[in-house]
file data_34.pdb (PDB, C-alpha atoms and all ligand atoms)
ATOM      1  CA  MET A   1     -19.378 -14.610 -28.582
ATOM      2  CA  ASP A   2     -20.764 -11.103 -29.026
ATOM      3  CA  MET A   3     -17.714  -9.245 -27.733
ATOM      4  CA  GLU A   4     -16.486  -6.702 -30.238
ATOM      5  CA  ILE A   5     -12.766  -6.681 -30.816
ATOM      6  CA  GLU A   6     -11.368  -3.699 -32.630
ATOM      7  CA  GLU A   7      -8.488  -4.956 -34.666
ATOM      8  CA  ILE A   8      -5.629  -2.647 -35.542
ATOM      9  CA  ARG A   9      -4.394  -3.228 -39.065
ATOM     10  CA  GLY A  10      -1.495  -1.386 -40.556
ATOM     11  CA  THR A  11       2.062  -1.576 -41.730
ATOM     12  CA  PHE A  12       4.742  -2.451 -39.229
ATOM     13  CA  LYS A  13       8.393  -1.562 -39.554
ATOM     14  CA  PRO A  14      11.081  -2.335 -36.977
ATOM     15  CA  GLU A  15      11.754   0.804 -34.984
ATOM     16  CA  ILE A  16      13.559   1.629 -31.773
ATOM     17  CA  ILE A  17      10.837   3.715 -30.152
ATOM     18  CA  PRO A  18       7.363   3.015 -31.510
ATOM     19  CA  LYS A  19       5.401   6.215 -32.111
ATOM     20  CA  GLU A  20       2.101   4.419 -31.806
ATOM     21  CA  THR A  21       1.607   2.026 -28.894
ATOM     22  CA  GLY A  22      -1.853   0.939 -29.994
ATOM     23  CA  GLY A  23      -4.736   1.022 -27.584
ATOM     24  CA  ASP A  24      -6.290   3.686 -25.434
ATOM     25  CA  ILE A  25      -6.806   4.121 -21.703
ATOM     26  CA  GLU A  26      -9.488   1.428 -21.633
ATOM     27  CA  ASP A  27      -7.065  -1.070 -23.109
ATOM     28  CA  TYR A  28      -4.547  -0.162 -20.424
ATOM     29  CA  GLU A  29      -7.211  -0.626 -17.778
ATOM     30  CA  GLU A  30      -8.124  -4.016 -19.198
ATOM     31  CA  ALA A  31      -4.470  -5.031 -19.294
ATOM     32  CA  LEU A  32      -3.979  -3.865 -15.696
ATOM     33  CA  HIS A  33      -6.872  -5.987 -14.494
ATOM     34  CA  VAL A  34      -5.668  -9.057 -16.366
ATOM     35  CA  LEU A  35      -2.210  -8.569 -14.870
ATOM     36  CA  MET A  36      -3.637  -8.116 -11.387
ATOM     37  CA  LYS A  37      -5.538 -11.383 -11.716
ATOM     38  CA  PHE A  38      -2.474 -13.226 -13.040
ATOM     39  CA  VAL A  39      -0.165 -11.894 -10.354
ATOM     40  CA  GLY A  40      -2.736 -12.552  -7.632
ATOM     41  CA  SER A  41      -3.276 -16.158  -8.638
ATOM     42  CA  MET A  42       0.448 -16.685  -9.103
ATOM     43  CA  SER A  43       1.034 -15.445  -5.582
ATOM     44  CA  SER A  44      -1.577 -17.718  -4.019
ATOM     45  CA  ALA A  45      -0.311 -20.712  -6.020
ATOM     46  CA  LEU A  46       3.215 -19.974  -4.861
ATOM     47  CA  GLU A  47       2.022 -19.911  -1.275
ATOM     48  CA  GLN A  48       0.142 -23.180  -1.762
ATOM     49  CA  VAL A  49       3.196 -24.937  -3.163
ATOM     50  CA  SER A  50       5.986 -23.415  -1.096
ATOM     51  CA  GLY A  51       4.178 -22.404   2.103
ATOM     52  CA  ARG A  52       6.074 -19.762   4.045
ATOM     53  CA  GLY A  53       9.004 -20.190   1.677
ATOM     54  CA  ALA A  54       6.946 -18.177  -0.826
ATOM     55  CA  ASN A  55       7.587 -15.033   1.203
ATOM     56  CA  ALA A  56      11.335 -15.545   1.015
ATOM     57  CA  ILE A  57      11.268 -16.118  -2.745
ATOM     58  CA  VAL A  58       9.194 -13.024  -3.444
ATOM     59  CA  TYR A  59      11.208 -10.950  -0.961
ATOM     60  CA  GLN A  60      14.410 -11.900  -2.763
ATOM     61  CA  ALA A  61      12.880 -10.973  -6.130
ATOM     62  CA  GLY A  62      11.777  -7.606  -4.762
ATOM     63  CA  LYS A  63      15.165  -6.978  -3.202
ATOM     64  CA  ARG A  64      16.904  -7.556  -6.501
ATOM     65  CA  MET A  65      14.486  -5.158  -8.204
ATOM     66  CA  GLY A  66      15.148  -2.568  -5.493
ATOM     67  CA  HIS A  67      18.916  -2.844  -5.904
ATOM     68  CA  ASP A  68      18.574  -2.500  -9.687
ATOM     69  CA  ALA A  69      16.176   0.441  -9.511
ATOM     70  CA  ALA A  70      18.328   2.332  -7.020
ATOM     71  CA  LYS A  71      21.574   1.978  -8.987
ATOM     72  CA  MET A  72      20.747   5.276 -10.713
ATOM     73  CA  MET A  73      20.076   7.082  -7.443
ATOM     74  CA  GLU A  74      22.512   9.355  -5.696
ATOM     75  CA  LYS A  75      24.298   7.630  -2.798
ATOM     76  CA  THR A  76      23.712   9.139   0.607
ATOM     77  CA  ASP A  77      24.047   8.269   4.273
ATOM     78  CA  ASP A  78      21.113  10.488   5.200
ATOM     79  CA  LEU A  79      18.073   8.288   5.750
ATOM     80  CA  GLU A  80      15.514  11.034   5.118
ATOM     81  CA  GLN A  81      17.207  11.980   1.842
ATOM     82  CA  ALA A  82      17.378   8.308   0.855
ATOM     83  CA  LEU A  83      13.650   7.951   1.508
ATOM     84  CA  ASN A  84      12.912  11.033  -0.597
ATOM     85  CA  GLU A  85      14.932   9.608  -3.464
ATOM     86  CA  MET A  86      13.179   6.278  -3.069
ATOM     87  CA  GLY A  87       9.844   8.032  -3.237
ATOM     88  CA  GLU A  88      10.798   9.146  -6.715
ATOM     89  CA  VAL A  89      11.880   5.650  -7.725
ATOM     90  CA  LEU A  90       8.776   3.986  -6.320
ATOM     91  CA  GLY A  91       6.610   6.643  -7.944
ATOM     92  CA  VAL A  92       2.969   7.470  -7.458
ATOM     93  CA  GLU A  93       1.934   3.820  -7.489
ATOM     94  CA  PHE A  94       3.767   3.294  -4.180
ATOM     95  CA  TYR A  95       3.190   6.666  -2.621
ATOM     96  CA  PHE A  96       4.585   6.724   0.917
ATOM     97  CA  GLU A  97       5.524   9.193   3.613
ATOM     98  CA  MET A  98       7.453   8.951   6.846
ATOM     99  CA  TRP A  99       5.098   8.671   9.806
ATOM    100  CA  LYS A 100       5.364   9.241  13.536
ATOM    101  CA  PRO A 101       2.935   9.296  16.437
ATOM    102  CA  ALA A 102       1.934  12.855  17.371
ATOM    103  CA  GLY A 103       3.896  12.735  20.627
ATOM    104  CA  GLN A 104       7.194  11.699  19.026
ATOM    105  CA  GLU A 105       9.651  14.465  18.203
ATOM    106  CA  GLY A 106      11.407  13.392  15.017
ATOM    107  CA  TYR A 107      10.747  10.712  12.426
ATOM    108  CA  THR A 108      13.877   8.705  13.146
ATOM    109  CA  ILE A 109      14.810   6.923  16.365
ATOM    110  CA  GLU A 110      18.372   5.893  17.110
ATOM    111  CA  LYS A 111      18.798   2.521  18.830
ATOM    112  CA  GLY A 112      22.464   1.642  19.297
ATOM    113  CA  ASN A 113      23.876   1.071  15.825
ATOM    114  CA  GLU A 114      20.411   1.074  14.279
ATOM    115  CA  THR A 115      18.136   3.827  12.995
ATOM    116  CA  VAL A 116      14.421   3.158  12.888
ATOM    117  CA  VAL A 117      11.798   5.041  10.901
ATOM    118  CA  LYS A 118       8.115   4.346  10.327
ATOM    119  CA  VAL A 119       6.938   4.480   6.728
ATOM    120  CA  LEU A 120       3.283   4.822   5.774
ATOM    121  CA  PHE A 121       2.421   3.409   2.360
ATOM    122  CA  MET A 122      -0.709   5.110   1.120
ATOM    123  CA  ASP A 123      -0.988   4.105  -2.521
ATOM    124  CA  CYS A 124       0.160   0.603  -3.330
ATOM    125  CA  VAL A 125      -0.363  -1.504  -6.455
ATOM    126  CA  VAL A 126       0.281  -4.658  -4.434
ATOM    127  CA  ARG A 127      -2.616  -3.814  -2.095
ATOM    128  CA  GLN A 128      -4.813  -3.128  -5.087
ATOM    129  CA  THR A 129      -3.866  -6.445  -6.673
ATOM    130  CA  LEU A 130      -4.653  -8.317  -3.460
ATOM    131  CA  ARG A 131      -8.019  -6.634  -3.134
ATOM    132  CA  ARG A 132      -8.741  -7.225  -6.810
ATOM    133  CA  THR A 133      -8.181 -10.959  -6.335
ATOM    134  CA  GLY A 134      -9.692 -11.217  -2.843
ATOM    135  CA  LEU A 135      -6.417 -12.196  -1.194
ATOM    136  CA  PRO A 136      -5.440 -11.165   2.341
ATOM    137  CA  GLN A 137      -2.757  -8.551   2.901
ATOM    138  CA  LYS A 138       0.603  -9.483   4.460
ATOM    139  CA  GLY A 139       0.924 -12.465   2.076
ATOM    140  CA  PRO A 140       3.833 -13.235  -0.261
ATOM    141  CA  LEU A 141       3.006 -10.422  -2.658
ATOM    142  CA  CYS A 142       3.543  -7.842   0.076
ATOM    143  CA  TYR A 143       7.073  -9.193   0.429
ATOM    144  CA  LEU A 144       7.810  -7.953  -3.067
ATOM    145  CA  LEU A 145       7.440  -4.403  -1.846
ATOM    146  CA  TYR A 146       9.377  -5.066   1.378
ATOM    147  CA  GLY A 147      12.204  -6.545  -0.647
ATOM    148  CA  TYR A 148      12.062  -3.659  -3.102
ATOM    149  CA  MET A 149      12.266  -1.066  -0.361
ATOM    150  CA  VAL A 150      15.066  -2.863   1.495
ATOM    151  CA  GLY A 151      17.012  -3.457  -1.740
ATOM    152  CA  ALA A 152      16.717   0.213  -2.699
ATOM    153  CA  VAL A 153      17.729   1.528   0.709
ATOM    154  CA  GLU A 154      20.673  -0.874   0.888
ATOM    155  CA  GLU A 155      21.829   0.254  -2.529
ATOM    156  CA  VAL A 156      21.546   3.975  -1.816
ATOM    157  CA  MET A 157      23.027   3.921   1.670
ATOM    158  CA  SER A 158      25.388   0.923   1.387
ATOM    159  CA  ILE A 159      24.062  -0.496   4.638
ATOM    160  CA  LYS A 160      21.928  -3.418   5.735
ATOM    161  CA  GLY A 161      18.199  -2.776   6.093
ATOM    162  CA  LYS A 162      15.012  -4.558   7.079
ATOM    163  CA  LEU A 163      11.360  -3.709   6.838
ATOM    164  CA  ASP A 164       8.707  -5.011   9.237
ATOM    165  CA  ILE A 165       4.970  -4.729   8.889
ATOM    166  CA  ASP A 166       3.284  -2.917  11.756
ATOM    167  CA  HIS A 167      -0.210  -2.762  10.377
ATOM    168  CA  VAL A 168      -2.047  -3.286   7.105
ATOM    169  CA  GLY A 169      -5.269  -1.519   6.243
ATOM    170  CA  PRO A 170      -7.430  -0.991   3.170
ATOM    171  CA  ASN A 171      -6.251   2.620   2.769
ATOM    172  CA  ALA A 172      -2.709   2.615   4.172
ATOM    173  CA  CYS A 173      -0.087   0.259   5.602
ATOM    174  CA  LEU A 174       2.472   1.120   8.247
ATOM    175  CA  LYS A 175       5.929  -0.395   8.127
ATOM    176  CA  THR A 176       9.049   0.008  10.199
ATOM    177  CA  LEU A 177      12.292   0.432   8.307
ATOM    178  CA  THR A 178      15.386  -0.444  10.327
ATOM    179  CA  ILE A 179      18.815   0.281   9.024
ATOM    180  CA  LYS A 180      21.941  -1.140  10.583
ATOM    181  CA  TRP A 181      24.994   1.066  10.462
ATOM    182  CA  GLY A 182      28.393  -0.482  10.025
ATOM    183  CA  GLY A 183      28.310  -1.852   6.493
ATOM    184  CA  LYS A 184      26.826  -4.935   4.892
TER
ATOM    185  CA  MET B   1      -5.239  16.933  10.336
ATOM    186  CA  VAL B   2      -7.533  13.906  10.193
ATOM    187  CA  GLU B   3     -11.054  14.475  11.480
ATOM    188  CA  ILE B   4     -13.113  11.510  12.626
ATOM    189  CA  GLU B   5     -16.835  11.629  13.147
ATOM    190  CA  ILE B   6     -18.867   8.880  14.819
ATOM    191  CA  ASP B   7     -22.529   8.404  14.094
ATOM    192  CA  GLU B   8     -23.693   7.523  17.604
ATOM    193  CA  ASP B   9     -27.054   6.334  16.365
ATOM    194  CA  ALA B  10     -25.355   3.817  14.083
ATOM    195  CA  CYS B  11     -22.713   2.616  16.591
ATOM    196  CA  VAL B  12     -23.823  -0.657  18.192
ATOM    197  CA  GLY B  13     -21.047  -0.556  20.794
ATOM    198  CA  CYS B  14     -19.306  -3.749  19.704
ATOM    199  CA  GLY B  15     -15.874  -2.290  20.488
ATOM    200  CA  SER B  16     -14.276  -3.757  17.357
ATOM    201  CA  CYS B  17     -12.781  -0.410  16.354
ATOM    202  CA  VAL B  18     -11.214  -0.025  19.809
ATOM    203  CA  ASP B  19      -9.592  -3.461  19.546
ATOM    204  CA  ASP B  20      -8.574  -3.107  15.924
ATOM    205  CA  CYS B  21      -7.096   0.385  15.757
ATOM    206  CA  PRO B  22      -3.314   0.045  16.040
ATOM    207  CA  ASN B  23      -2.915   3.599  17.342
ATOM    208  CA  ASP B  24      -5.504   3.628  20.135
ATOM    209  CA  VAL B  25      -7.579   6.303  18.495
ATOM    210  CA  TYR B  26     -10.855   5.061  20.015
ATOM    211  CA  LYS B  27     -12.107   4.333  23.505
ATOM    212  CA  MET B  28     -15.492   3.066  24.643
ATOM    213  CA  ASN B  29     -17.594   5.527  26.569
ATOM    214  CA  GLU B  30     -18.373   3.587  29.744
ATOM    215  CA  GLU B  31     -21.734   5.299  30.188
ATOM    216  CA  THR B  32     -23.212   5.307  26.695
ATOM    217  CA  TRP B  33     -21.248   2.237  25.559
ATOM    218  CA  LYS B  34     -20.546   3.919  22.238
ATOM    219  CA  THR B  35     -17.106   4.482  20.791
ATOM    220  CA  THR B  36     -15.429   7.869  21.204
ATOM    221  CA  VAL B  37     -12.463   9.401  19.445
ATOM    222  CA  VAL B  38      -9.752  10.099  22.010
ATOM    223  CA  ASN B  39      -6.598  10.319  19.925
ATOM    224  CA  ALA B  40      -7.346  11.536  16.381
ATOM    225  CA  ASP B  41      -3.815  12.998  16.116
ATOM    226  CA  ASP B  42      -2.382   9.494  15.849
ATOM    227  CA  CYS B  43      -4.777   8.343  13.143
ATOM    228  CA  MET B  44      -2.860   7.344  10.020
ATOM    229  CA  ALA B  45      -5.998   6.852   7.910
ATOM    230  CA  CYS B  46      -5.436   3.148   7.323
ATOM    231  CA  LEU B  47      -9.236   2.736   7.479
ATOM    232  CA  SER B  48      -9.070  -0.690   9.140
ATOM    233  CA  CYS B  49     -11.785   0.573  11.461
ATOM    234  CA  HIS B  50     -14.058   1.190   8.479
ATOM    235  CA  GLU B  51     -13.551  -2.379   7.376
ATOM    236  CA  ILE B  52     -14.271  -3.875  10.774
ATOM    237  CA  CYS B  53     -17.186  -1.682  11.910
ATOM    238  CA  PRO B  54     -20.418  -3.632  11.361
ATOM    239  CA  SER B  55     -22.506  -0.484  11.118
ATOM    240  CA  GLN B  56     -20.269   1.872   9.131
ATOM    241  CA  ALA B  57     -20.505   4.361  11.930
ATOM    242  CA  MET B  58     -17.368   6.389  11.266
ATOM    243  CA  THR B  59     -16.342   9.000   8.730
ATOM    244  CA  HIS B  60     -12.768  10.169   8.252
ATOM    245  CA  SER B  61     -12.256  13.580   6.627
ATOM    246  CA  ASN B  62      -9.198  15.309   5.266
ATOM    247  CA  ILE B  63      -7.311  12.089   4.527
ATOM    248  CA  HIS B  64      -5.301  10.770   1.602
ATOM    249  CA  VAL B  65      -7.713   8.476  -0.228
ATOM    250  CA  ALA B  66      -5.743   5.645  -1.817
ATOM    251  CA  LYS B  67      -6.321   4.913  -5.476
ATOM    252  CA  ARG B  68      -8.727   2.061  -6.054
ATOM    253  CA  LEU B  69      -7.759   0.957  -9.526
ATOM    254  CA  TYR B  70      -8.710  -2.596  -8.568
ATOM    255  CA  ILE B  71     -12.383  -1.754  -8.823
ATOM    256  CA  ASP B  72     -13.593  -3.070 -12.117
ATOM    257  CA  ARG B  73     -15.668  -0.260 -13.570
ATOM    258  CA  LYS B  74     -17.493  -2.636 -15.908
ATOM    259  CA  VAL B  75     -18.633  -4.745 -12.945
ATOM    260  CA  ASN B  76     -19.654  -1.545 -11.166
ATOM    261  CA  ASP B  77     -21.728  -0.449 -14.140
ATOM    262  CA  VAL B  78     -23.538  -3.790 -14.160
ATOM    263  CA  LEU B  79     -24.115  -3.656 -10.395
ATOM    264  CA  GLU B  80     -25.487  -0.138 -10.650
ATOM    265  CA  LYS B  81     -28.052  -1.340 -13.165
ATOM    266  CA  ILE B  82     -29.095  -4.241 -10.931
ATOM    267  CA  ILE B  83     -29.213  -2.428  -7.593
TER
HETATM  268  S1  LIG C   1      -8.023   4.782  10.237
HETATM  269 FE1  LIG C   1      -6.604   3.318  11.209
HETATM  270  S2  LIG C   1      -5.417   4.573  12.647
HETATM  271 FE2  LIG C   1      -7.233   5.774  12.072
HETATM  272  S3  LIG C   1      -8.753   5.331  13.604
HETATM  273 FE3  LIG C   1      -9.097   3.861  11.956
HETATM  274  S4  LIG C   1      -7.912   2.034  12.498
HETATM  275 FE4  LIG C   1      -7.178   3.745  13.788
HETATM  276  S1  LIG C   2     -16.801  -0.902  15.392
HETATM  277 FE1  LIG C   2     -18.491   0.470  14.799
HETATM  278  S2  LIG C   2     -20.269  -0.298  15.909
HETATM  279 FE2  LIG C   2     -18.447  -1.213  16.875
HETATM  280  S3  LIG C   2     -17.963   0.216  18.564
HETATM  281 FE3  LIG C   2     -16.744   0.865  16.795
HETATM  282  S4  LIG C   2     -18.039   2.426  15.799
HETATM  283 FE4  LIG C   2     -19.371   1.304  17.195
END
call {"tool": "encode", "arguments": {"input": "data_34.pdb", "output": "C-alpha cells"}}
result
Amino acid sequence: MDMEIEEIRGTFKPEIIPKETGGDIEDYEEALHVLMKFVGSMSSALEQVSGRGANAIVYQAGKRMGHDAAKMMEKTDDLEQALNEMGEVLGVEFYFEMWKPAGQEGYTIEKGNETVVKVLFMDCVVRQTLRRTGLPQKGPLCYLLYGYMVGAVEEVMSIKGKLDIDHVGPNACLKTLTIKWGGK
Amino acid sequence: MVEIEIDEDACVGCGSCVDDCPNDVYKMNEETWKTTVVNADDCMACLSCHEICPSQAMTHSNIHVAKRLYIDRKVNDVLEKII
C-alpha cells in the first residue's frame, strides 16, 4: 500500500476541552465522506430489512433529536418566529426558507384548526449523503430531517406537527409543514 | 428573482421539463415544439428540470446554489486528468 499516513505523535493528558483536535480540513473532508458512505449504506440496509418500516424508525429518531435540540429554544406560538429559531438550530447545513407561489399573499394558510406553511430546504446534508451514495431521495434518510423538523416545531410551539414532501430536487426540496392547534 | 434561459437549439422538444416541473414553469410552444418559460416567478430552483432534460438546454441564474460537499474532489481530480 503506497498511501502515506501522517501519524500524530505526542503526549496526551486528560483534559476537558482539547486545545488540539488533530487533523486539518482535508481530514475533516475525508471523515465526512466516510460518514456519508456509512450512513448511506446503513439507510439502504435498513430499508432492505424493514421495508417501509424503516421510514418510521428513522422518523422517530429524527423527532427525538428535534425535541432535544429545540429544548434550548424560546417557546412561541408564532409559526414564523418558530421557523426562524429552527433555522438557527438546523444551521447552515439545513438551510431553509419559507416558500410560497408568487400569487399567494402570505406564507401561512389557515385551514380550520390547522396552519400550513411551505418550507424550501436548499442546503441539506441528507440530500448530499444520498447523492454521495447514489441513493434516491424521499427514502428513509429523508425521514430523519422530517422527524427533526416536526420534533423541533412541536417542542417550540407545544403543538402537534407534520411534514409532507411536495417535491425533491437536486438543488432544493419543498415540504409542507402542517401544525395542528389545540395541544398535543 | 430567478431567471431561466432556454437554449432553443439544444431543446429537442421532449416535454420532460413540462411534465416534471412541480410549479408549471414551462409550457410547450405548439408551433416550434420547444419548451418556453411561462411562469418563472414560481420557480423554486429545485433544478429537477436540469436533471431530467436530455440536452441540458436550460440555465437558471440568480439562484441559491446548494452546497455539493458530496463531490469527492480526489475523484474529480482523477477524472480531470483522464478526460
Ligand atoms: S428548477 Fe424546479 S421549479 Fe424551477 S423550473 Fe426547474 S423544475 Fe420547475
Ligand atoms: S426537457 Fe429539455 S429537451 Fe425536453 S423539452 Fe424541456 S428543455 Fe427541451
call {"tool": "atom_distance", "arguments": {"input": "data_34.pdb", "atom1": "CA of Cys21 in chain B", "atom2": "atom S4 of ligand LIG 2 (chain C)"}}
result
11.1 Å
call {"tool": "axis_aligned_box", "arguments": {"input": "data_34.pdb", "around": "ligand LIG 1 (chain C)", "padding_each_side": "5 Å", "output": "AutoDock Vina command-line options"}}
result
--center_x -7.3 --center_y 3.9 --center_z 12.0 --size_x 13.7 --size_y 13.7 --size_z 13.6
call {"tool": "residues_around", "arguments": {"input": "data_34.pdb", "residues": "Ala40 in chain B", "least_positions_apart": "2", "cutoff": "10 Å", "atoms": "only C-alpha atoms", "output": "PyMOL selection string"}}
result
(chain A and resi 102) or (chain B and resi 1-4+23-26+37-38+42-45+60)
call {"tool": "resolve_selection", "arguments": {"input": "data_34.pdb", "expression": "the PyMOL selection byres (((not hetatm)) within 7 of (chain C and resi 2))", "output": "PDB file with C-alpha atoms, in the frame of the given file"}}
result
ATOM      1  CA  ILE B   6     -18.867   8.880  14.819  1.00  0.00           C
ATOM      2  CA  ALA B  10     -25.355   3.817  14.083  1.00  0.00           C
ATOM      3  CA  CYS B  11     -22.713   2.616  16.591  1.00  0.00           C
ATOM      4  CA  VAL B  12     -23.823  -0.657  18.192  1.00  0.00           C
ATOM      5  CA  GLY B  13     -21.047  -0.556  20.794  1.00  0.00           C
ATOM      6  CA  CYS B  14     -19.306  -3.749  19.704  1.00  0.00           C
ATOM      7  CA  GLY B  15     -15.874  -2.290  20.488  1.00  0.00           C
ATOM      8  CA  SER B  16     -14.276  -3.757  17.357  1.00  0.00           C
ATOM      9  CA  CYS B  17     -12.781  -0.410  16.354  1.00  0.00           C
ATOM     10  CA  VAL B  18     -11.214  -0.025  19.809  1.00  0.00           C
ATOM     11  CA  LYS B  34     -20.546   3.919  22.238  1.00  0.00           C
ATOM     12  CA  THR B  35     -17.106   4.482  20.791  1.00  0.00           C
ATOM     13  CA  CYS B  49     -11.785   0.573  11.461  1.00  0.00           C
ATOM     14  CA  ILE B  52     -14.271  -3.875  10.774  1.00  0.00           C
ATOM     15  CA  CYS B  53     -17.186  -1.682  11.910  1.00  0.00           C
ATOM     16  CA  PRO B  54     -20.418  -3.632  11.361  1.00  0.00           C
ATOM     17  CA  SER B  55     -22.506  -0.484  11.118  1.00  0.00           C
ATOM     18  CA  GLN B  56     -20.269   1.872   9.131  1.00  0.00           C
ATOM     19  CA  ALA B  57     -20.505   4.361  11.930  1.00  0.00           C
ATOM     20  CA  MET B  58     -17.368   6.389  11.266  1.00  0.00           C
TER      21      MET B  58
END
call {"tool": "interface_residues", "arguments": {"input": "data_34.pdb", "of": "chain B", "to": "chain A", "cutoff": "9 Å", "atoms": "only C-alpha atoms", "output": "list in words"}}
result
Pro22, Asn23, Asp41, Asp42, Cys43, Met44, Ala45, Cys46, Leu47, Ser48, Cys49, His50, Glu51, His64, Val65, Ala66, Lys67, Arg68, Leu69, Tyr70, Ile71 and Asp72 of chain B
call {"tool": "closest_residue", "arguments": {"input": "data_34.pdb", "among": "B:Leu79, B:Asp7, B:Glu31, B:Ile63", "to": "ligand LIG 1 (chain C)", "atoms": "all atoms listed in the file"}}
result
B:Ile63
call {"tool": "residues_near_point", "arguments": {"input": "data_34.pdb", "point": "(10.1, -11.3, -2.6)", "cutoff": "8 Å", "atoms": "only C-alpha atoms", "output": "compact mmCIF listing (two decimals) with C-alpha atoms, in the frame of the given file"}}
result
# COMPACT_ATOMS: atom_id res chain seq x y z
CA ALA A 54 6.95 -18.18 -0.83
CA ASN A 55 7.59 -15.03 1.20
CA ALA A 56 11.34 -15.54 1.01
CA ILE A 57 11.27 -16.12 -2.74
CA VAL A 58 9.19 -13.02 -3.44
CA TYR A 59 11.21 -10.95 -0.96
CA GLN A 60 14.41 -11.90 -2.76
CA ALA A 61 12.88 -10.97 -6.13
CA GLY A 62 11.78 -7.61 -4.76
CA LYS A 63 15.16 -6.98 -3.20
CA PRO A 140 3.83 -13.24 -0.26
CA LEU A 141 3.01 -10.42 -2.66
CA CYS A 142 3.54 -7.84 0.08
CA TYR A 143 7.07 -9.19 0.43
CA LEU A 144 7.81 -7.95 -3.07
CA LEU A 145 7.44 -4.40 -1.85
CA TYR A 146 9.38 -5.07 1.38
CA GLY A 147 12.20 -6.54 -0.65
CA TYR A 148 12.06 -3.66 -3.10
call {"tool": "atom_distance", "arguments": {"input": "data_34.pdb", "atom1": "CA of Glu155 in chain A", "atom2": "CA of Asn113 in chain A"}}
result
18.5 Å
call {"tool": "closest_residue", "arguments": {"input": "data_34.pdb", "among": "B:Asn39, B:Asn76, B:Asn29, B:Asn62", "to": "ligand LIG 1 (chain C)", "atoms": "only C-alpha atoms and all ligand atoms"}}
result
B:Asn39
call {"tool": "atom_distance", "arguments": {"input": "data_34.pdb", "atom1": "CA of Asp78 in chain A", "atom2": "CA of Ile179 in chain A"}}
result
11.1 Å
call {"tool": "resolve_selection", "arguments": {"input": "data_34.pdb", "expression": "the PyMOL selection byres (((chain A and resi 74) around 8) and not hetatm)", "output": "JSON, numbers by chain"}}
result
{"A": [72, 73, 75, 76, 85, 156]}
call {"tool": "closest_residue", "arguments": {"input": "data_34.pdb", "among": "B:Asp20, B:Glu5, B:Glu80, B:Glu30", "to": "ligand LIG 1 (chain C)", "atoms": "all atoms listed in the file"}}
result
B:Asp20
call {"tool": "closest_residue", "arguments": {"input": "data_34.pdb", "among": "A:Leu135, A:Ile109, A:Val116, A:Met86", "to": "Glu154 in chain A", "atoms": "all atoms listed in the file"}}
result
A:Met86
call {"tool": "resolve_selection", "arguments": {"input": "data_34.pdb", "expression": "the PyMOL selection byres (((chain A and resi 153) around 9) and not hetatm)", "output": "PyMOL selection string"}}
result
chain A and resi 66-67+70+79+82-83+86+148-152+154-161+179
